[in-house]
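Accompanying notes for the structure given below.
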There are 8 protein chains.
Amino acid sequence: MTAHRTADLGFARLDLDRAGRTGTPEVVYAAGKTPAQTVACLAALREGGARPAWATRVDDETATAIRDRWPDAVIDTDARCAFVGHLPDPVGNVLVLTAGTSDGPVAAEVAATLAASGVGCTRVDDVGVAGVHRVLAVAPDLAVADAVVVVAGMDGALPSVVAGLTDRLVVAVPTSVGYGAAFEGLAALLTMLTACAPGVLVVNIDNGFGAGVAAARIVRSVRR
Amino acid sequence: MTAHRTADLGFARLDLDRAGRTGTPEVVYAAGKTPAQTVACLAALREGGARPAWATRVDDETATAIRDRWPDAVIDTDARCAFVGHLPDPVGNVLVLTAGTSDGPVAAEVAATLAASGVGCTRVDDVGVAGVHRVLAVAPDLAVADAVVVVAGMDGALPSVVAGLTDRLVVAVPTSVGYGAAFEGLAALLTMLTACAPGVLVVNIDNGFGAGVAAARIVRSVRR
Amino acid sequence: MTAHRTADLGFARLDLDRAGRTGTPEVVYAAGKTPAQTVACLAALREGGARPAWATRVDDETATAIRDRWPDAVIDTDARCAFVGHLPDPVGNVLVLTAGTSDGPVAAEVAATLAASGVGCTRVDDVGVAGVHRVLAVAPDLAVADAVVVVAGMDGALPSVVAGLTDRLVVAVPTSVGYGAAFEGLAALLTMLTACAPGVLVVNIDNGFGAGVAAARIVRSVRR
Amino acid sequence: MTAHRTADLGFARLDLDRAGRTGTPEVVYAAGKTPAQTVACLAALREGGARPAWATRVDDETATAIRDRWPDAVIDTDARCAFVGHLPDPVGNVLVLTAGTSDGPVAAEVAATLAASGVGCTRVDDVGVAGVHRVLAVAPDLAVADAVVVVAGMDGALPSVVAGLTDRLVVAVPTSVGYGAAFEGLAALLTMLTACAPGVLVVNIDNGFGAGVAAARIVRSVRR
Amino acid sequence: MTAHRTADLGFARLDLDRAGRTGTPEVVYAAGKTPAQTVACLAALREGGARPAWATRVDDETATAIRDRWPDAVIDTDARCAFVGHLPDPVGNVLVLTAGTSDGPVAAEVAATLAASGVGCTRVDDVGVAGVHRVLAVAPDLAVADAVVVVAGMDGALPSVVAGLTDRLVVAVPTSVGYGAAFEGLAALLTMLTACAPGVLVVNIDNGFGAGVAAARIVRSVRR
Amino acid sequence: MTAHRTADLGFARLDLDRAGRTGTPEVVYAAGKTPAQTVACLAALREGGARPAWATRVDDETATAIRDRWPDAVIDTDARCAFVGHLPDPVGNVLVLTAGTSDGPVAAEVAATLAASGVGCTRVDDVGVAGVHRVLAVAPDLAVADAVVVVAGMDGALPSVVAGLTDRLVVAVPTSVGYGAAFEGLAALLTMLTACAPGVLVVNIDNGFGAGVAAARIVRSVRR
Amino acid sequence: MTAHRTADLGFARLDLDRAGRTGTPEVVYAAGKTPAQTVACLAALREGGARPAWATRVDDETATAIRDRWPDAVIDTDARCAFVGHLPDPVGNVLVLTAGTSDGPVAAEVAATLAASGVGCTRVDDVGVAGVHRVLAVAPDLAVADAVVVVAGMDGALPSVVAGLTDRLVVAVPTSVGYGAAFEGLAALLTMLTACAPGVLVVNIDNGFGAGVAAARIVRSVRR
Amino acid sequence: MTAHRTADLGFARLDLDRAGRTGTPEVVYAAGKTPAQTVACLAALREGGARPAWATRVDDETATAIRDRWPDAVIDTDARCAFVGHLPDPVGNVLVLTAGTSDGPVAAEVAATLAASGVGCTRVDDVGVAGVHRVLAVAPDLAVADAVVVVAGMDGALPSVVAGLTDRLVVAVPTSVGYGAAFEGLAALLTMLTACAPGVLVVNIDNGFGAGVAAARIVRSVRR
């Protein structure tokens, strides 16, 4: 077992080799951290070589702290992500679909993750199955995609339909959009896990970051 | 409040006026009864005027007991229903769709309920959304239906798509078909309750009888 | 497959043919949208021919934005709905019952949906089964209704009793009224799904809109 | 703290003072025991003074073992209970209602428990709310009862209606009767816990024994 | 069926005969109502003869509105209850136990309900099973009680221990006190439903009102 | 929209174009079908061009019926799959890991699916995290894989560890192995959905088929 | 990182160093294995140095296969465990309590695990809290124990009471004993996790093996 | 049974003998109490001999009230604990690990509990399994620990890995860190309960206090 580079900040122990091992650097999950902690992590990751250093679930206060430190940081407010350092040029093409307008913030996190990973992205929003012709109309986009990410709340039915129309891998992201028996995304999650079309793979509710990382892994495998 | 006709069998207290009040006679749910109890109930209902007297969830032993008593009883083994007395001539037309072959027994219970209620029925099986063109192909059937019943297990996505294609009422029946995160029909139930297309109404898991009774009420309202 | 008219707003892709296909235009679910997005959707739907254009789950800020744009918009604050354009003259008659006073906002959404759909409506509130004579007293209203919508939280027992008293279709709406083991409407939902009286059809918790759309479909079928 | 009489059988440690403390002797729950263990417990309880010694959830094999040992034992096959020793003369009157025929075995356990406790019992079966006039017809029985036990599966709505008609305590027993969203009695349990009429007290699913013990405590308090 | 007195306020339909039928008047559940609605209901109930008229789940704003209308109203802030009119003289004695200090508000609602029902009450707080000698120390209180109400959150274990020490009826109230796997009172609810000691009857989580009504019914039966 | 080839067997409506559209032919899910139905489906798929025609969840009786019809059918008893027609030559390499021996049947279904899809596969069994050095020892296998499928029941922790060691896509399959709080695979499913390492994609519990189809899509993308 | 000894059986990869690392050898979980697989694992573990080699969840068929191979194997039928090789002499003393007779098999698995681990054990059965004096009577046993294991189903209340009486670590084992709202051990599990007495640590439902391993670790720490 | 010292504050009944019986004094759970109540409890416990008197879940307002009364009180803001009186000198050594930075507050509560109990503690933060080498790097810390506490949210996988590396008892604390399918800590809780490595014992979600008390019991046993 080889040596490992770690940045020990006391409250955090950053894994500086992760980009080398997994293709994606350690990314700061800001939700459970103070703005100062997030900034300290970003600085250590950047010093450790991350291009870019990167945080998710960034609220307004944390965004301000980041911009105070790095005036040229990229803050994607839709996606609640922040990036310190230049984003790489994109290669490949991931198609990102949403079932409804309210699923937009999660799709934005997918897109931001792809951008930071150097992967190209096409977004088509609001193609829910209640107007199924809208789904059929994305056939040309499916034909040129390396992979497809489908973001849907409420009934979560869209990935089942899409996976029956394409031979590309379909990454399904349930969202917490909906009310009542949607149970904060549980309904959509179960729908996607039991999709009658095979080839659907599922991530956690509202986990646009995880879907983006996975899609980037696919594109890197394809474009290698 | 007027007087009520009741048949008191000790273990059961049959409501002989129910057909008059609700359009459907009291129907014997055989699952929790001995064959002898089911036969006794059918006899009392028949004597009370039910045309036909009728039982659901009939197993083989109970079916035999019914036929022993009424050699001309109609036993629908797919639907696990038994009828004593002639079925009425059908009026109207309910379209019954299934997502997969395994949903067939529940759809059969819908169809048997409609038959006993004097309502016509068209069945189209195995039109799941993984091959969405199969759904689009039922458009002509939708156009001539008084109401639509959609039976689906696993992801339960079919009613969302169908309700976006028609102005008819869509009655959705989740089934316990599937495994794992299907949780005995819970996944399909939640999908249908959160359908992104309005106009979907839901019954209990595997409740083909309830869906049939409801569809018959619609047809009677329309054809009145 | 014929051509489809769609209004593409970038963040939304509105289905302008939905009224033609399903009898109800696409309706804006305002809960996950900014006021500006909701206004833009209403404008596009109105331009696309919706009479009226219509939004649900409208909060105060969105209501103000709508009225700023269309001073003659109808804002139903009980129902949290907004309508741009004249409401059609009502035909038919749907009876809307509530079990308790707290179920009122959901019943208001049912009534507003019926009004926008051009369907007449009679409301009788607070007829819970703890005073069952109040339920029996609505018999004359049941006799003249085209369909019945029953709105109930807590134990959700009212639809079971009503469906045993009438031959009309009963659409049951569980509400999130209650506490503890009511589990935000889950108890009422399960009660309604397992109603011992057949002919009960269920929508999502607090989904007055869906119940209204379904009831309108019934009335249109009956009055055709 | 006074001394306690205990019968130590190695696998069981029987509480011989329980009748003195709580009014009901320790009762053998046969479900998790071998026939020999149940017989040994009954013998020790009988020797310890229980009048009668008593077991619940008795299957056929255990019933045979009990009768082999005590030929005059009373085996109530409906209730799956066994009694060794004479049952006391009944005092008082508990009304036991069921919503449907399938709830009968649980009601039988209530009745057997009352009998062993020396309490009188009136049973009226199959008075579900789908024919609510059947519920209203039990008013005379309610008027002369010391307490009421209501046994119901599926929607579990009966206790709500009954508790609105009487000033007696209503003990509600959910049963596992039903399928799908009944979830083995969970739907009925939640309905009863959220009953809109106060004065409803709930026991575990299918727990006829517990309901009987509680009702006997009430009667003893009243008749003291 | 006799005539029924009802006060129809439009948004509410008050059952003025409920005290006559059930021993407890209709009580206003203020949680889902505006202060003005609660005041209007109290006025109508008072006019209809309730002694006292009474509301539960009263917040500060509603309490102020009540006192503005009736300066001599009794507001019990611990119990969040309000009473208009004199409370009756108490008869009988219900022992109310809590497992911990945090269960106090629910026990206060029990006590207020008993007071309004004309039933006497003894409270002993903080006798959780982690110091079981505190439970044993209430034996003298148990010996003189007509009934026992046990209020407990977290593990909800107290009713099991108490019911093994007394022949009185034990009404168990789970509370939402606790965190994590307490799941807002679900853990305590399940514990109480599965209590290994029979004679435990359960109400909804935090439902001090229901427990008080039930205990009052017992005392009225005993003291009749 | 182009024409679609469908084989209509009455009880089934087979989608003969699915291999063209999605890369995998329609596959027969034998669990809800009679042996005769499964054989009929296989025959129709084979006639429609599937190479091979293929069924999953094949029990002994169905396997016998298949072999009776096609003596050279390949029956994989570990995987409970049957294939009619030659399996294609494998390209690419998917690494399939299991956490324990009991996960073997699900891993066998993954491997059989890959074989039928013409994809190569390396299996390494029983590398659970309780002996984490076993996981580290698969590093050389990870380095040469096109994708990784990780099959695990009980705590489902293995994918989290593996995804931190590789840049390949990790498809996680929870299994129903375990007891108690494993809740038939729910514990492992939740673990995998919340994996602290990104790049993990999840399928339904015990869904080896879905994981295999997804992995085959990845390999086809890579090897295109 | 040092080298690791592993026995690779193809279907299993046995960790021969586990006893050295963790104090307990790898133990064969027989539930998901064929009798031949279990025997092969035991042979490999024995050859690898386990004293004894050991399997849990052993059914009759597997027990026979083990005895056929090793006629002097110890088969504990209560605990469903098998041991090949001499059991070590016991040191220390763990007190194992059960709430009821039906919890016996799980307590037997605890005791067998302790025996195989070379730890002494005292069992006291059927000391449930419904007769709390039985719990108080174990005080002398508590005073001489190194640790306490409490096994309880149904309400799972016993560990809360015990942990308030002693300063020893209390390991709580919920069992699946009970019905209805016991939900296969879930009620007892939640009770134990929310125990109002600190010092209670919990294992999986019915996991006597895990409790025994943990208690043995405590004793080894103490007696070191 | 000996006499018990209790401090009766009306709203609380403090158990002054608990330290003698269980090794830990009664500790004030401030979450459900007013600042004044918490202060009163601390004063009574201190007077009763607690060294230190101690409260958990202390918010800012309560902390201020405590410091107003006892200016030299120790307030640990990370752990939300307050101590009145000197902390004892530490003996022994418990290793406290966290999977991520966000788990820090719970680990702080563990550490504070150990400090108040006179037990030494080593903390190592952010050693999640996504970088498993970080876990392996704590081997030297494991070798010198008396016990290990592992704090983890999200997938909760860390205890499984740690327990396979050591023969010390592992106390696992699931945290509510995570979102979506983490379900407020439920995912981590189930993972830990089903850990594939034996020797893992689990406390309630976010229950750092309980884990600390248990670890202190272990150390006292070892160091006795």
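Within each chain, counting starts at residue 1; across the structure tokens, chains are named A, B, ... in the order shown, with ligands numbered 1 upward in that order.
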
Output as a ChimeraX atom specification all residues of segment 39-184 of chain C that backbone DSSP marks as helix (DSSP H, G or I). /C:39-47,60-69,101-116,129-136,139-143,158-163,180-184

Please give the complete set of residues from segment 27-180 of chain E that DSSP, run on the backbone, assigns to strand (DSSP E), formatted as a VMD selection string. chain E and resid 28 to 29 53 to 56 74 to 76 81 to 84 91 to 98 119 to 124 147 to 152 170 to 174

Selection to disk with N, CA and C atoms, as an mmCIF file, in the first residue's frame:
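Saved the output as result_35.cif:
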```
data_model
loop_
_atom_site.group_PDB
_atom_site.id
_atom_site.type_symbol
_atom_site.label_atom_id
_atom_site.label_comp_id
_atom_site.auth_asym_id
_atom_site.auth_seq_id
_atom_site.Cartn_x
_atom_site.Cartn_y
_atom_site.Cartn_z
ATOM 1 N N VAL E 28 -64.053 22.389 20.754
ATOM 2 C CA VAL E 28 -63.461 23.043 19.595
ATOM 3 C C VAL E 28 -61.967 22.717 19.519
ATOM 4 N N TYR E 29 -61.551 22.101 18.398
ATOM 5 C CA TYR E 29 -60.134 21.832 18.143
ATOM 6 C C TYR E 29 -59.595 23.066 17.430
ATOM 7 N N ALA E 53 -68.295 25.698 27.692
ATOM 8 C CA ALA E 53 -67.841 25.593 26.309
ATOM 9 C C ALA E 53 -66.325 25.582 26.361
ATOM 10 N N TRP E 54 -65.688 24.948 25.380
ATOM 11 C CA TRP E 54 -64.342 24.494 25.654
ATOM 12 C C TRP E 54 -63.552 24.346 24.355
ATOM 13 N N ALA E 55 -62.299 24.756 24.381
ATOM 14 C CA ALA E 55 -61.436 24.613 23.203
ATOM 15 C C ALA E 55 -60.079 24.055 23.608
ATOM 16 N N THR E 56 -59.473 23.257 22.714
ATOM 17 C CA THR E 56 -58.139 22.694 22.934
ATOM 18 C C THR E 56 -57.175 23.216 21.880
ATOM 19 N N VAL E 74 -61.501 30.801 31.565
ATOM 20 C CA VAL E 74 -60.345 30.149 32.188
ATOM 21 C C VAL E 74 -59.410 29.690 31.077
ATOM 22 N N ILE E 75 -58.179 30.216 31.091
ATOM 23 C CA ILE E 75 -57.169 29.794 30.105
ATOM 24 C C ILE E 75 -56.113 28.993 30.849
ATOM 25 N N ASP E 76 -55.975 27.741 30.494
ATOM 26 C CA ASP E 76 -54.945 26.889 31.101
ATOM 27 C C ASP E 76 -53.773 26.851 30.119
ATOM 28 N N CYS E 81 -55.635 24.929 26.851
ATOM 29 C CA CYS E 81 -57.089 24.802 26.798
ATOM 30 C C CYS E 81 -57.736 26.094 27.294
ATOM 31 N N ALA E 82 -58.962 26.346 26.807
ATOM 32 C CA ALA E 82 -59.738 27.486 27.286
ATOM 33 C C ALA E 82 -61.150 27.016 27.599
ATOM 34 N N PHE E 83 -61.718 27.594 28.667
ATOM 35 C CA PHE E 83 -63.056 27.206 29.111
ATOM 36 C C PHE E 83 -63.881 28.459 29.325
ATOM 37 N N VAL E 84 -65.087 28.463 28.798
ATOM 38 C CA VAL E 84 -66.022 29.567 29.004
ATOM 39 C C VAL E 84 -67.189 29.025 29.815
ATOM 40 N N VAL E 91 -65.928 14.980 40.938
ATOM 41 C CA VAL E 91 -66.194 13.722 41.660
ATOM 42 C C VAL E 91 -65.200 12.687 41.151
ATOM 43 N N GLY E 92 -64.953 11.680 41.959
ATOM 44 C CA GLY E 92 -64.050 10.606 41.566
ATOM 45 C C GLY E 92 -62.603 11.043 41.592
ATOM 46 N N ASN E 93 -61.723 10.138 41.142
ATOM 47 C CA ASN E 93 -60.290 10.397 41.243
ATOM 48 C C ASN E 93 -59.535 9.608 40.190
ATOM 49 N N VAL E 94 -58.918 10.331 39.267
ATOM 50 C CA VAL E 94 -58.073 9.692 38.257
ATOM 51 C C VAL E 94 -56.619 10.018 38.576
ATOM 52 N N LEU E 95 -55.782 8.997 38.595
ATOM 53 C CA LEU E 95 -54.358 9.208 38.824
ATOM 54 C C LEU E 95 -53.673 9.429 37.480
ATOM 55 N N VAL E 96 -52.960 10.554 37.347
ATOM 56 C CA VAL E 96 -52.252 10.873 36.107
ATOM 57 C C VAL E 96 -50.756 10.858 36.381
ATOM 58 N N LEU E 97 -50.059 9.937 35.726
ATOM 59 C CA LEU E 97 -48.611 9.789 35.917
ATOM 60 C C LEU E 97 -47.872 10.242 34.672
ATOM 61 N N THR E 98 -46.691 10.858 34.853
ATOM 62 C CA THR E 98 -45.816 11.095 33.702
ATOM 63 C C THR E 98 -44.482 10.410 33.934
ATOM 64 N N VAL E 119 -64.404 15.752 36.885
ATOM 65 C CA VAL E 119 -63.774 14.566 37.466
ATOM 66 C C VAL E 119 -62.513 15.005 38.207
ATOM 67 N N GLY E 120 -62.285 14.458 39.395
ATOM 68 C CA GLY E 120 -61.114 14.776 40.180
ATOM 69 C C GLY E 120 -59.863 14.106 39.651
ATOM 70 N N CYS E 121 -58.694 14.635 39.998
ATOM 71 C CA CYS E 121 -57.442 14.191 39.387
ATOM 72 C C CYS E 121 -56.292 14.356 40.367
ATOM 73 N N THR E 122 -55.405 13.350 40.434
ATOM 74 C CA THR E 122 -54.153 13.439 41.185
ATOM 75 C C THR E 122 -53.010 13.283 40.204
ATOM 76 N N ARG E 123 -52.065 14.210 40.208
ATOM 77 C CA ARG E 123 -50.927 14.097 39.300
ATOM 78 C C ARG E 123 -49.662 13.741 40.056
ATOM 79 N N VAL E 124 -48.904 12.792 39.523
ATOM 80 C CA VAL E 124 -47.565 12.496 40.034
ATOM 81 C C VAL E 124 -46.643 12.481 38.825
ATOM 82 N N ALA E 147 -59.248 5.227 37.999
ATOM 83 C CA ALA E 147 -58.587 4.838 36.747
ATOM 84 C C ALA E 147 -57.227 5.513 36.736
ATOM 85 N N VAL E 148 -56.352 5.049 35.842
ATOM 86 C CA VAL E 148 -54.997 5.586 35.783
ATOM 87 C C VAL E 148 -54.709 6.019 34.346
ATOM 88 N N VAL E 149 -54.137 7.209 34.200
ATOM 89 C CA VAL E 149 -53.644 7.655 32.895
ATOM 90 C C VAL E 149 -52.136 7.776 33.001
ATOM 91 N N VAL E 150 -51.419 7.133 32.071
ATOM 92 C CA VAL E 150 -49.961 7.157 32.090
ATOM 93 C C VAL E 150 -49.476 7.855 30.827
ATOM 94 N N VAL E 151 -48.699 8.904 31.009
ATOM 95 C CA VAL E 151 -48.212 9.728 29.904
ATOM 96 C C VAL E 151 -46.701 9.530 29.795
ATOM 97 N N ALA E 152 -46.230 9.099 28.615
ATOM 98 C CA ALA E 152 -44.801 8.804 28.490
ATOM 99 C C ALA E 152 -44.341 8.932 27.055
ATOM 100 N N VAL E 170 -55.766 1.109 32.749
ATOM 101 C CA VAL E 170 -54.639 1.984 32.470
ATOM 102 C C VAL E 170 -54.790 2.544 31.059
ATOM 103 N N VAL E 171 -54.948 3.865 30.985
ATOM 104 C CA VAL E 171 -55.004 4.554 29.699
ATOM 105 C C VAL E 171 -53.624 5.128 29.421
ATOM 106 N N ALA E 172 -53.026 4.702 28.315
ATOM 107 C CA ALA E 172 -51.644 5.089 28.007
ATOM 108 C C ALA E 172 -51.631 6.151 26.924
ATOM 109 N N VAL E 173 -50.873 7.222 27.150
ATOM 110 C CA VAL E 173 -50.744 8.315 26.183
ATOM 111 C C VAL E 173 -49.289 8.430 25.755
ATOM 112 N N PRO E 174 -48.967 8.007 24.534
ATOM 113 C CA PRO E 174 -47.600 8.230 24.058
ATOM 114 C C PRO E 174 -47.410 9.706 23.745
#
```

When you get a sec, could you note down which chain C residues fall within 8 Å of chain D, using only C-alpha atoms, as a PyMOL selection string? chain C and resi 128-132+154-157+160-165+178+181-182+187-188+190-197

Can you spit out the residues from that selection as a PDB file, in the first residue's frame, using N, CA and C atoms?
```
ATOM      1  N   GLY C 128     -68.807  15.276   9.887  1.00  0.00           N
ATOM      2  CA  GLY C 128     -68.016  14.115  10.300  1.00  0.00           C
ATOM      3  C   GLY C 128     -68.854  13.011  10.944  1.00  0.00           C
ATOM      4  N   VAL C 129     -68.294  11.796  10.949  1.00  0.00           N
ATOM      5  CA  VAL C 129     -69.062  10.632  11.384  1.00  0.00           C
ATOM      6  C   VAL C 129     -69.248  10.572  12.894  1.00  0.00           C
ATOM      7  N   ALA C 130     -68.577  11.422  13.670  1.00  0.00           N
ATOM      8  CA  ALA C 130     -68.813  11.426  15.114  1.00  0.00           C
ATOM      9  C   ALA C 130     -70.239  11.881  15.441  1.00  0.00           C
ATOM     10  N   GLY C 131     -70.887  12.534  14.514  1.00  0.00           N
ATOM     11  CA  GLY C 131     -72.312  12.857  14.644  1.00  0.00           C
ATOM     12  C   GLY C 131     -72.977  12.363  13.374  1.00  0.00           C
ATOM     13  N   VAL C 132     -73.224  11.072  13.303  1.00  0.00           N
ATOM     14  CA  VAL C 132     -73.517  10.441  12.009  1.00  0.00           C
ATOM     15  C   VAL C 132     -74.845  10.930  11.423  1.00  0.00           C
ATOM     16  N   MET C 154     -57.788  13.320   9.665  1.00  0.00           N
ATOM     17  CA  MET C 154     -57.829  12.472  10.858  1.00  0.00           C
ATOM     18  C   MET C 154     -58.125  11.015  10.483  1.00  0.00           C
ATOM     19  N   ASP C 155     -59.292  10.471  10.917  1.00  0.00           N
ATOM     20  CA  ASP C 155     -59.552   9.051  10.648  1.00  0.00           C
ATOM     21  C   ASP C 155     -60.017   8.790   9.221  1.00  0.00           C
ATOM     22  N   GLY C 156     -60.395   9.799   8.483  1.00  0.00           N
ATOM     23  CA  GLY C 156     -60.780   9.615   7.083  1.00  0.00           C
ATOM     24  C   GLY C 156     -61.944   8.677   6.865  1.00  0.00           C
ATOM     25  N   ALA C 157     -62.848   8.585   7.837  1.00  0.00           N
ATOM     26  CA  ALA C 157     -63.894   7.565   7.779  1.00  0.00           C
ATOM     27  C   ALA C 157     -65.116   7.984   6.964  1.00  0.00           C
ATOM     28  N   SER C 160     -66.350   6.093   3.543  1.00  0.00           N
ATOM     29  CA  SER C 160     -66.935   4.760   3.716  1.00  0.00           C
ATOM     30  C   SER C 160     -68.432   4.856   3.982  1.00  0.00           C
ATOM     31  N   VAL C 161     -68.818   5.809   4.842  1.00  0.00           N
ATOM     32  CA  VAL C 161     -70.234   5.937   5.184  1.00  0.00           C
ATOM     33  C   VAL C 161     -71.020   6.487   4.001  1.00  0.00           C
ATOM     34  N   VAL C 162     -70.479   7.507   3.333  1.00  0.00           N
ATOM     35  CA  VAL C 162     -71.190   8.131   2.216  1.00  0.00           C
ATOM     36  C   VAL C 162     -71.392   7.143   1.077  1.00  0.00           C
ATOM     37  N   ALA C 163     -70.346   6.373   0.760  1.00  0.00           N
ATOM     38  CA  ALA C 163     -70.455   5.469  -0.387  1.00  0.00           C
ATOM     39  C   ALA C 163     -71.487   4.378  -0.161  1.00  0.00           C
ATOM     40  N   GLY C 164     -71.842   4.132   1.083  1.00  0.00           N
ATOM     41  CA  GLY C 164     -72.889   3.155   1.369  1.00  0.00           C
ATOM     42  C   GLY C 164     -74.286   3.729   1.255  1.00  0.00           C
ATOM     43  N   LEU C 165     -74.373   5.023   1.025  1.00  0.00           N
ATOM     44  CA  LEU C 165     -75.683   5.694   0.985  1.00  0.00           C
ATOM     45  C   LEU C 165     -76.093   6.134  -0.409  1.00  0.00           C
ATOM     46  N   GLY C 178     -54.822  16.796  11.339  1.00  0.00           N
ATOM     47  CA  GLY C 178     -54.639  15.819  12.411  1.00  0.00           C
ATOM     48  C   GLY C 178     -53.220  15.906  12.947  1.00  0.00           C
ATOM     49  N   ALA C 181     -50.521  10.021  15.121  1.00  0.00           N
ATOM     50  CA  ALA C 181     -50.676   8.885  14.228  1.00  0.00           C
ATOM     51  C   ALA C 181     -51.448   9.220  12.964  1.00  0.00           C
ATOM     52  N   ALA C 182     -51.893  10.451  12.796  1.00  0.00           N
ATOM     53  CA  ALA C 182     -52.442  10.865  11.506  1.00  0.00           C
ATOM     54  C   ALA C 182     -51.333  10.923  10.457  1.00  0.00           C
ATOM     55  N   ALA C 187     -52.849   8.321   7.648  1.00  0.00           N
ATOM     56  CA  ALA C 187     -53.922   7.528   8.245  1.00  0.00           C
ATOM     57  C   ALA C 187     -55.191   7.653   7.411  1.00  0.00           C
ATOM     58  N   ALA C 188     -55.559   8.872   7.059  1.00  0.00           N
ATOM     59  CA  ALA C 188     -56.773   9.064   6.269  1.00  0.00           C
ATOM     60  C   ALA C 188     -56.641   8.418   4.896  1.00  0.00           C
ATOM     61  N   LEU C 190     -54.885   5.741   4.037  1.00  0.00           N
ATOM     62  CA  LEU C 190     -55.039   4.283   4.136  1.00  0.00           C
ATOM     63  C   LEU C 190     -56.491   3.911   4.408  1.00  0.00           C
ATOM     64  N   THR C 191     -57.151   4.684   5.262  1.00  0.00           N
ATOM     65  CA  THR C 191     -58.562   4.404   5.534  1.00  0.00           C
ATOM     66  C   THR C 191     -59.369   4.429   4.249  1.00  0.00           C
ATOM     67  N   MET C 192     -59.148   5.435   3.440  1.00  0.00           N
ATOM     68  CA  MET C 192     -59.939   5.589   2.224  1.00  0.00           C
ATOM     69  C   MET C 192     -59.630   4.496   1.212  1.00  0.00           C
ATOM     70  N   LEU C 193     -58.351   4.096   1.135  1.00  0.00           N
ATOM     71  CA  LEU C 193     -57.984   3.030   0.198  1.00  0.00           C
ATOM     72  C   LEU C 193     -58.588   1.695   0.604  1.00  0.00           C
ATOM     73  N   THR C 194     -58.824   1.513   1.891  1.00  0.00           N
ATOM     74  CA  THR C 194     -59.359   0.242   2.374  1.00  0.00           C
ATOM     75  C   THR C 194     -60.829   0.358   2.750  1.00  0.00           C
ATOM     76  N   ALA C 195     -61.490   1.384   2.230  1.00  0.00           N
ATOM     77  CA  ALA C 195     -62.896   1.608   2.578  1.00  0.00           C
ATOM     78  C   ALA C 195     -63.716   0.340   2.365  1.00  0.00           C
ATOM     79  N   CYS C 196     -64.535  -0.003   3.350  1.00  0.00           N
ATOM     80  CA  CYS C 196     -65.306  -1.231   3.241  1.00  0.00           C
ATOM     81  C   CYS C 196     -66.450  -1.088   2.243  1.00  0.00           C
ATOM     82  N   ALA C 197     -66.777   0.108   1.814  1.00  0.00           N
ATOM     83  CA  ALA C 197     -67.800   0.305   0.784  1.00  0.00           C
ATOM     84  C   ALA C 197     -67.127   0.487  -0.563  1.00  0.00           C
TER      85      ALA C 197
END
```

Expressed in Å to a single decimal, how great is the separation between atom CA of Ala139 of chain E and atom CA of Thr22 of chain H?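 A separation of 24.4 Å between them.
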
Leaving out Arg67 of chain B and any residue of its chain fewer than 3 positions from it, which residues lie within 12 Å of it when counting only C-alpha atoms, given as an MDAnalysis selection string? chainID B and resid 35 38:39 42 58 60:64 70:76 82:84

Could you pull the residues within 6 Å of segment 103-118 of chain F, counting only C-alpha atoms, minus those fewer than 3 positions along the same chain, as a PyMOL selection string? chain F and resi 78-79+87-90+100+206+208-209+212
